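Participant: Data: entry_0.csv, CSV, C-alpha atoms and all ligand atoms.
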```csv
chain,number,residue,atom,x,y,z
A,523,MET,CA,114.1,101.8,101.8
A,524,SER,CA,114.0,104.6,104.3
A,525,THR,CA,111.4,107.4,104.7
A,526,PRO,CA,112.4,110.8,103.4
A,527,LYS,CA,112.2,114.2,105.1
A,528,ILE,CA,109.3,115.6,103.1
A,529,THR,CA,109.9,119.3,102.6
A,530,GLY,CA,108.1,120.0,99.3
A,531,LYS,CA,105.4,119.0,96.8
A,532,SER,CA,105.7,116.2,94.2
A,533,ILE,CA,103.7,115.1,91.2
A,534,LEU,CA,104.0,111.4,90.2
A,535,PHE,CA,103.2,110.1,86.8
A,536,SER,CA,102.8,106.4,86.2
A,537,ALA,CA,101.5,104.4,83.3
A,538,PRO,CA,102.2,101.2,81.3
A,539,SER,CA,105.0,101.9,78.9
A,540,GLY,CA,103.8,103.7,75.8
A,541,ALA,CA,100.8,105.4,77.4
A,542,GLY,CA,102.3,108.8,76.8
A,543,LYS,CA,103.6,109.9,80.2
A,544,THR,CA,107.0,111.1,79.1
A,545,THR,CA,105.3,113.3,76.4
A,546,ILE,CA,102.9,114.8,78.9
A,547,VAL,CA,105.6,115.4,81.5
A,548,ARG,CA,107.7,117.2,78.9
A,549,TYR,CA,104.8,119.4,78.0
A,550,LEU,CA,104.2,120.3,81.7
A,551,LEU,CA,107.9,121.0,82.4
A,552,GLU,CA,107.9,123.6,79.6
A,553,ARG,CA,104.8,125.4,81.1
A,554,PHE,CA,105.6,125.4,84.8
A,555,PRO,CA,109.0,126.8,85.6
A,556,ASN,CA,108.8,125.6,89.2
A,557,LEU,CA,108.5,121.9,88.2
A,558,VAL,CA,111.7,119.9,87.9
A,559,PHE,CA,112.1,116.3,86.8
A,560,SER,CA,113.4,113.8,89.2
A,561,ILE,CA,116.2,112.0,87.4
A,562,SER,CA,116.1,108.4,88.3
A,563,ALA,CA,118.9,105.9,88.6
A,564,CYS,CA,118.7,102.8,86.5
A,565,SER,CA,120.8,99.7,85.7
A,566,ARG,CA,120.2,99.6,81.9
A,567,ASP,CA,122.5,101.0,79.3
A,568,PRO,CA,121.7,104.4,77.7
A,569,ARG,CA,119.7,104.4,74.5
A,570,PRO,CA,121.2,106.3,71.6
A,571,GLY,CA,120.9,110.0,72.5
A,572,GLU,CA,120.5,109.5,76.2
A,573,VAL,CA,122.9,111.3,78.4
A,574,ASP,CA,124.1,110.2,81.9
A,575,GLY,CA,122.8,112.6,84.6
A,576,ASN,CA,120.3,114.1,82.2
A,577,ASP,CA,118.0,111.2,81.3
A,578,TYR,CA,119.0,108.8,84.0
A,579,HIS,CA,121.9,108.2,86.3
A,580,PHE,CA,123.1,105.1,84.5
A,581,LEU,CA,124.7,103.0,87.3
A,582,GLY,CA,124.9,99.5,85.8
A,583,VAL,CA,123.6,96.5,87.7
A,584,GLU,CA,126.5,96.3,90.2
A,585,GLY,CA,126.5,100.1,90.8
A,586,PHE,CA,122.7,100.0,91.4
A,587,LYS,CA,123.0,97.1,93.9
A,588,GLN,CA,125.6,99.0,95.8
A,589,LYS,CA,123.2,102.0,96.2
A,590,ILE,CA,120.5,99.6,97.4
A,591,GLU,CA,123.0,98.3,100.0
A,592,ALA,CA,123.8,101.8,101.1
A,593,ASP,CA,120.0,102.6,101.6
A,594,ALA,CA,120.4,105.5,99.1
A,595,PHE,CA,116.9,105.0,97.5
A,596,LEU,CA,113.6,106.6,98.3
A,597,GLU,CA,112.1,103.8,96.2
A,598,TRP,CA,113.4,101.3,93.7
A,599,GLU,CA,111.9,98.5,91.6
A,600,GLU,CA,113.1,95.7,89.4
A,601,VAL,CA,110.8,96.9,86.7
A,602,TYR,CA,111.8,94.2,84.2
A,603,ALA,CA,113.9,91.1,84.9
A,604,ASN,CA,117.4,92.4,85.9
A,605,ASN,CA,116.4,96.0,85.0
A,606,TYR,CA,116.4,98.1,88.1
A,607,TYR,CA,115.1,101.7,88.4
A,608,GLY,CA,114.9,103.9,91.4
A,609,THR,CA,114.9,107.4,92.9
A,610,LEU,CA,117.8,108.5,95.0
A,611,HIS,CA,117.0,110.4,98.3
A,612,GLU,CA,119.7,112.9,97.5
A,613,VAL,CA,118.2,113.9,94.2
A,614,VAL,CA,114.7,114.6,95.6
A,615,GLU,CA,115.9,116.3,98.8
A,616,LYS,CA,118.1,118.7,96.9
A,617,LEU,CA,115.2,119.8,94.6
A,618,TRP,CA,112.9,120.3,97.5
A,619,SER,CA,115.6,122.4,99.3
A,620,GLU,CA,115.6,124.6,96.2
A,621,GLY,CA,111.8,125.1,96.5
A,622,LYS,CA,111.1,123.0,93.5
A,623,VAL,CA,108.0,120.8,92.8
A,624,VAL,CA,109.5,117.4,92.0
A,625,VAL,CA,108.0,115.5,89.0
A,626,PHE,CA,108.4,111.7,88.9
A,627,ASP,CA,108.0,109.4,85.9
A,628,VAL,CA,108.0,106.0,87.5
A,629,ASP,CA,106.4,102.6,86.9
A,630,VAL,CA,103.0,101.8,88.4
A,631,LEU,CA,104.3,100.0,91.5
A,632,GLY,CA,106.8,102.8,92.1
A,633,GLY,CA,104.1,105.4,91.8
A,634,ILE,CA,102.0,103.7,94.4
A,635,ASN,CA,104.9,103.2,96.7
A,636,ILE,CA,106.1,106.8,96.5
A,637,LYS,CA,102.6,108.1,97.0
A,638,SER,CA,102.2,106.0,100.2
A,639,LYS,CA,105.4,107.6,101.5
A,640,LEU,CA,104.7,111.2,100.5
A,641,GLY,CA,100.9,111.4,101.2
A,642,ASP,CA,99.1,114.6,100.6
A,643,GLN,CA,102.3,116.4,99.6
A,644,ALA,CA,102.2,114.3,96.4
A,645,LEU,CA,99.6,114.1,93.6
A,646,SER,CA,99.6,110.7,91.8
A,647,ILE,CA,98.5,110.6,88.2
A,648,PHE,CA,97.9,107.5,86.1
A,649,VAL,CA,98.1,108.1,82.4
A,650,GLN,CA,95.8,105.8,80.5
A,651,ALA,CA,95.8,105.0,76.7
A,652,PRO,CA,92.4,104.2,75.2
A,653,SER,CA,93.2,100.4,74.8
A,654,ILE,CA,96.0,97.8,75.1
A,655,GLY,CA,96.1,97.6,71.3
A,656,GLU,CA,96.8,101.4,71.1
A,657,LEU,CA,99.4,101.1,73.8
A,658,GLU,CA,101.3,98.5,71.7
A,659,ARG,CA,100.9,100.6,68.6
A,660,ARG,CA,102.4,103.6,70.3
A,661,LEU,CA,105.3,101.6,71.7
A,662,ARG,CA,106.1,100.2,68.3
A,663,ALA,CA,105.8,103.6,66.7
A,664,ARG,CA,108.3,105.0,69.2
A,665,SER,CA,110.9,102.6,67.7
A,666,THR,CA,113.0,102.5,70.8
A,667,GLU,CA,112.6,98.9,71.9
A,668,THR,CA,113.5,95.5,70.6
A,669,GLU,CA,110.7,93.0,69.9
A,670,GLU,CA,111.7,91.2,73.2
A,671,LYS,CA,111.4,94.4,75.2
A,672,ILE,CA,108.1,95.2,73.6
A,673,GLN,CA,106.7,91.8,74.6
A,674,MET,CA,108.1,92.3,78.1
A,675,ARG,CA,106.4,95.7,78.5
A,676,MET,CA,103.1,94.5,77.0
A,677,ALA,CA,103.0,91.5,79.3
A,678,ARG,CA,103.2,93.9,82.3
A,679,ALA,CA,100.6,96.4,81.0
A,680,GLU,CA,97.5,94.5,81.9
A,681,GLU,CA,98.5,94.1,85.6
A,682,GLU,CA,99.5,97.8,85.7
A,683,LEU,CA,96.1,98.9,84.2
A,684,ALA,CA,94.3,97.0,87.0
A,685,LEU,CA,96.1,99.3,89.6
A,686,ALA,CA,94.9,102.6,88.1
A,687,TYR,CA,92.3,103.0,90.8
A,688,LYS,CA,95.0,103.5,93.4
A,689,PHE,CA,96.0,106.8,91.9
A,690,ASP,CA,94.6,110.2,92.8
A,691,VAL,CA,93.7,111.0,89.2
A,692,ILE,CA,93.3,108.9,86.0
A,693,LEU,CA,94.3,111.0,83.0
A,694,GLU,CA,92.9,109.7,79.7
A,695,ASN,CA,95.4,110.1,76.9
A,696,ASP,CA,93.4,109.6,73.7
A,697,ASN,CA,93.9,113.0,72.0
A,698,LEU,CA,97.3,114.3,73.1
A,699,GLU,CA,96.3,117.9,73.1
A,700,ASN,CA,93.3,117.3,75.3
A,701,ALA,CA,95.3,115.3,77.7
A,702,CYS,CA,98.0,118.0,78.0
A,703,THR,CA,95.3,120.7,78.6
A,704,LYS,CA,93.7,118.5,81.3
A,705,ALA,CA,97.1,117.8,82.9
A,706,GLU,CA,97.8,121.6,83.0
A,707,THR,CA,94.5,122.2,84.9
A,708,ILE,CA,95.1,119.3,87.3
A,709,VAL,CA,98.6,120.6,88.1
A,710,THR,CA,97.5,124.2,88.5
A,711,ASN,CA,94.8,123.1,91.0
A,712,PHE,CA,97.4,121.0,93.0
A,713,LEU,CA,99.9,123.8,93.1
A,714,ASN,CA,97.3,126.3,94.4
A,715,ARG,CA,95.9,124.1,97.1
B,1,LIG,P1,105.6,106.5,78.0
B,1,LIG,O1,106.6,107.6,78.6
B,1,LIG,O2,104.4,106.4,78.8
B,1,LIG,O3,106.3,105.2,77.8
B,1,LIG,P2,105.8,108.1,75.6
B,1,LIG,O4,105.4,109.5,76.1
B,1,LIG,O5,107.1,107.8,75.2
B,1,LIG,O6,105.2,107.0,76.6
B,1,LIG,O7,104.8,107.9,74.3
B,1,LIG,C1,104.9,106.7,73.5
B,1,LIG,C2,104.7,107.1,72.1
B,1,LIG,O8,103.4,107.4,71.8
B,1,LIG,C3,105.6,108.3,71.6
B,1,LIG,O9,106.1,108.0,70.4
B,1,LIG,C4,104.6,109.4,71.7
B,1,LIG,O10,105.0,110.4,70.7
B,1,LIG,C5,103.3,108.8,71.3
B,1,LIG,N1,102.1,109.4,71.9
B,1,LIG,C6,101.9,109.9,73.1
B,1,LIG,N2,100.6,110.4,73.3
B,1,LIG,C7,100.0,110.0,72.2
B,1,LIG,C8,98.6,110.2,71.7
B,1,LIG,N3,97.7,110.8,72.5
B,1,LIG,N4,98.3,109.8,70.5
B,1,LIG,C9,99.2,109.2,69.7
B,1,LIG,N5,100.5,109.0,70.0
B,1,LIG,C10,100.9,109.4,71.3
B,2,LIG,P1,112.5,103.2,80.2
B,2,LIG,O1,113.5,102.1,80.2
B,2,LIG,O2,111.5,103.2,79.1
B,2,LIG,O3,113.2,104.6,80.4
B,2,LIG,O4,111.7,103.1,81.6
B,2,LIG,C1,111.1,101.9,81.9
B,2,LIG,C2,110.2,102.1,83.1
B,2,LIG,O5,110.9,102.4,84.3
B,2,LIG,C3,109.1,103.2,82.9
B,2,LIG,O6,107.8,102.6,83.2
B,2,LIG,C4,109.5,104.2,83.9
B,2,LIG,O7,108.4,104.9,84.4
B,2,LIG,C5,110.1,103.4,85.0
B,2,LIG,N1,111.0,104.1,85.9
B,2,LIG,C6,111.8,105.1,85.6
B,2,LIG,N2,112.4,105.6,86.7
B,2,LIG,C7,111.9,104.9,87.7
B,2,LIG,C8,112.1,105.0,89.2
B,2,LIG,O8,112.8,105.8,89.7
B,2,LIG,N3,111.4,104.1,89.9
B,2,LIG,C9,110.5,103.2,89.3
B,2,LIG,N4,109.9,102.3,90.1
B,2,LIG,N5,110.3,103.1,88.0
B,2,LIG,C10,111.0,104.0,87.2
```
What does the file become when written as structure tokens?
Facilitator:
Amino acid sequence: MSTPKITGKSILFSAPSGAGKTTIVRYLLERFPNLVFSISACSRDPRPGEVDGNDYHFLGVEGFKQKIEADAFLEWEEVYANNYYGTLHEVVEKLWSEGKVVVFDVDVLGGINIKSKLGDQALSIFVQAPSIGELERRLRARSTETEEKIQMRMARAEEELALAYKFDVILENDNLENACTKAETIVTNFLNR
């Protein structure tokens, strides 16, 4: 994976699946017009309602592997067995060239990896649910995953929680409203620095 030309700021959100990062990111995108979501590529199929090029660039496993071969990724991970996710250089560089602040929603290893490449130009935020039990409850309440996928995601959660200390900020998401307000302050400070 090659190093990008860093010409703009970025905010990285990572968390075990179900912690609430997508919800918090959506809230921030509505409040800060300069923030734009980095649409990742992935190898899985779209869920009902997901649109190619809007939620993800859905490449399929073969298409994803071709992009790896072409060195097209700033970062990619096999987040779950045979499920690849990654950020294409061209997506991020285009947004920076438009003067946008790029917001990433990536898995925990991806967040650490991208932060190490982007340095001070990036703020890395770890979203933390109050407990593993609550994480599982939220994941089930979201009703988007099969039982197998829930088990896969929970199995990973503990390892991911142990890496929270590597992030610039740990954002507790117990009460959603409080978490969103805190996120707004953190982002404002980062944009003004
Ligand atoms: P992630 O993107 O980290 O996987 P989501 O943002 O999809 O997580 O949140 C998982 C589920 O939990 C969603 O159904 C969301 O509405 C819900 N949720 C998010 N934050 C909270 C919270 N503070 N309290 C209760 N439920 C929450
Ligand atoms: P989902 O299938 O629920 O949309 O996403 C599964 C996981 O993949 C989430 O933890 C999400 O943060 C992560 N993810 C999405 N895009 C990327 C990416 O570009 N890189 C990495 N490393 N993880 C990603």
Participant: Using only C-alpha atoms, what residues lie at most 10 Å away from (101.5, 106.9, 95.5) (file coordinates), given as a ChimeraX atom specification?
Facilitator: /A:533-536,630-642,644-647,688-690
Participant: So that each row is one residue of chain A with an atom at most 10 Å from ligand LIG 1 (chain B), can you give its shortest atom pair and the distance in Å to one decimal, using only C-alpha atoms and all ligand atoms, rows by chain and rising number, as a Markdown table?
Facilitator:
```
| residue | atom | partner | partner_atom | distance |
| --- | --- | --- | --- | --- |
| A:Phe535 | CA | B:LIG1 | O2 | 8.9 |
| A:Ser536 | CA | B:LIG1 | O2 | 7.6 |
| A:Ala537 | CA | B:LIG1 | O2 | 5.7 |
| A:Pro538 | CA | B:LIG1 | O2 | 6.2 |
| A:Ser539 | CA | B:LIG1 | O3 | 3.7 |
| A:Gly540 | CA | B:LIG1 | O3 | 3.5 |
| A:Ala541 | CA | B:LIG1 | O2 | 4.0 |
| A:Gly542 | CA | B:LIG1 | O4 | 3.3 |
| A:Lys543 | CA | B:LIG1 | O2 | 3.9 |
| A:Thr544 | CA | B:LIG1 | O1 | 3.6 |
| A:Thr545 | CA | B:LIG1 | O4 | 3.8 |
| A:Ile546 | CA | B:LIG1 | O4 | 6.5 |
| A:Val547 | CA | B:LIG1 | O4 | 8.0 |
| A:Arg548 | CA | B:LIG1 | O4 | 8.5 |
| A:Asp627 | CA | B:LIG1 | O1 | 7.6 |
| A:Val628 | CA | B:LIG1 | O1 | 9.2 |
| A:Asp629 | CA | B:LIG1 | O2 | 9.2 |
| A:Phe648 | CA | B:LIG1 | O2 | 9.8 |
| A:Val649 | CA | B:LIG1 | O2 | 7.5 |
| A:Gln650 | CA | B:LIG1 | O2 | 8.8 |
| A:Ala651 | CA | B:LIG1 | N3 | 7.4 |
| A:Pro652 | CA | B:LIG1 | N3 | 8.9 |
| A:Glu656 | CA | B:LIG1 | C9 | 8.3 |
| A:Leu657 | CA | B:LIG1 | O8 | 7.7 |
| A:Glu658 | CA | B:LIG1 | C1 | 9.1 |
| A:Arg659 | CA | B:LIG1 | O8 | 7.9 |
| A:Arg660 | CA | B:LIG1 | O8 | 4.2 |
| A:Leu661 | CA | B:LIG1 | C1 | 5.4 |
| A:Arg662 | CA | B:LIG1 | C2 | 8.0 |
| A:Ala663 | CA | B:LIG1 | O9 | 5.8 |
| A:Arg664 | CA | B:LIG1 | O9 | 3.9 |
| A:Ser665 | CA | B:LIG1 | O9 | 7.7 |
| A:Thr666 | CA | B:LIG1 | O9 | 8.8 |
| A:Arg675 | CA | B:LIG1 | O3 | 9.5 |
| A:Glu694 | CA | B:LIG1 | N3 | 8.7 |
| A:Asn695 | CA | B:LIG1 | N3 | 5.0 |
| A:Asp696 | CA | B:LIG1 | N3 | 4.6 |
| A:Asn697 | CA | B:LIG1 | N3 | 4.4 |
| A:Leu698 | CA | B:LIG1 | N3 | 3.6 |
| A:Glu699 | CA | B:LIG1 | N3 | 7.3 |
| A:Asn700 | CA | B:LIG1 | N3 | 8.3 |
| A:Ala701 | CA | B:LIG1 | N3 | 7.3 |
| A:Cys702 | CA | B:LIG1 | N3 | 9.1 |
```
Participant: Using only C-alpha atoms, find the one residue out of A:Phe595, A:Ile561, A:Asn605, A:Ile528 that sits nearest to Val573 of chain A.
Facilitator: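 Comparing A:Phe595, A:Ile561, A:Asn605, A:Ile528 against Val573 of chain A, the winner is A:Ile561.
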Participant: How many Å lie between atom CA of Lys587 of chain A and atom CA of Pro568 of chain A, rounded to one decimal?
Facilitator: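 According to the coordinates, atom CA of Lys587 of chain A and atom CA of Pro568 of chain A are separated by 17.8 Å.
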Participant: Do you have the atom CA of Ala677 of chain A-atom O5 of ligand LIG 2 (chain B) distance handy?
Facilitator: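 Distance between the two atoms: 14.4 Å.
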Participant: Here is a test: counting all atoms listed in the file, which residue of A:Thr668, A:Ser565, A:Tyr549, A:Lys704 is nearest to Val601 of chain A?
Facilitator: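 Of the candidates, the smallest distance to Val601 of chain A is held by A:Ser565.
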Participant: My list of candidates is A:Phe559, A:Tyr687, A:Phe712, A:Trp598. Which is closest to ligand LIG 2 (chain B) when distances are computed with only C-alpha atoms and all ligand atoms?
Facilitator: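 Nearest to ligand LIG 2 (chain B): A:Trp598.
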Participant: Just want the 12 Å neighbourhood of Glu584 of chain A, counted on all atoms listed in the file, with same-chain residues fewer than 2 positions away dropped. Output as a PDB file with C-alpha atoms, keeping the file's coordinate frame.
Facilitator:
```
ATOM      1  CA  CYS A 564     118.700 102.800  86.500  1.00  0.00           C
ATOM      2  CA  SER A 565     120.800  99.700  85.700  1.00  0.00           C
ATOM      3  CA  ARG A 566     120.200  99.600  81.900  1.00  0.00           C
ATOM      4  CA  PHE A 580     123.100 105.100  84.500  1.00  0.00           C
ATOM      5  CA  LEU A 581     124.700 103.000  87.300  1.00  0.00           C
ATOM      6  CA  GLY A 582     124.900  99.500  85.800  1.00  0.00           C
ATOM      7  CA  PHE A 586     122.700 100.000  91.400  1.00  0.00           C
ATOM      8  CA  LYS A 587     123.000  97.100  93.900  1.00  0.00           C
ATOM      9  CA  GLN A 588     125.600  99.000  95.800  1.00  0.00           C
ATOM     10  CA  LYS A 589     123.200 102.000  96.200  1.00  0.00           C
ATOM     11  CA  ILE A 590     120.500  99.600  97.400  1.00  0.00           C
ATOM     12  CA  GLU A 591     123.000  98.300 100.000  1.00  0.00           C
ATOM     13  CA  ASN A 604     117.400  92.400  85.900  1.00  0.00           C
ATOM     14  CA  ASN A 605     116.400  96.000  85.000  1.00  0.00           C
ATOM     15  CA  TYR A 606     116.400  98.100  88.100  1.00  0.00           C
TER      16      TYR A 606
END
```
Participant: By how many Å are atom CA of Leu617 of chain A and atom CA of Leu685 of chain A apart?
Facilitator: 28.5 Å
Participant: Please determine, counting all atoms listed in the file, which residue among A:Val623, A:Leu557, A:Ile654, A:Ala603 has the shortest atom-to-atom distance to ligand LIG 2 (chain B).
Facilitator: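 Among the listed residues, the smallest separation from ligand LIG 2 (chain B) belongs to A:Ala603.
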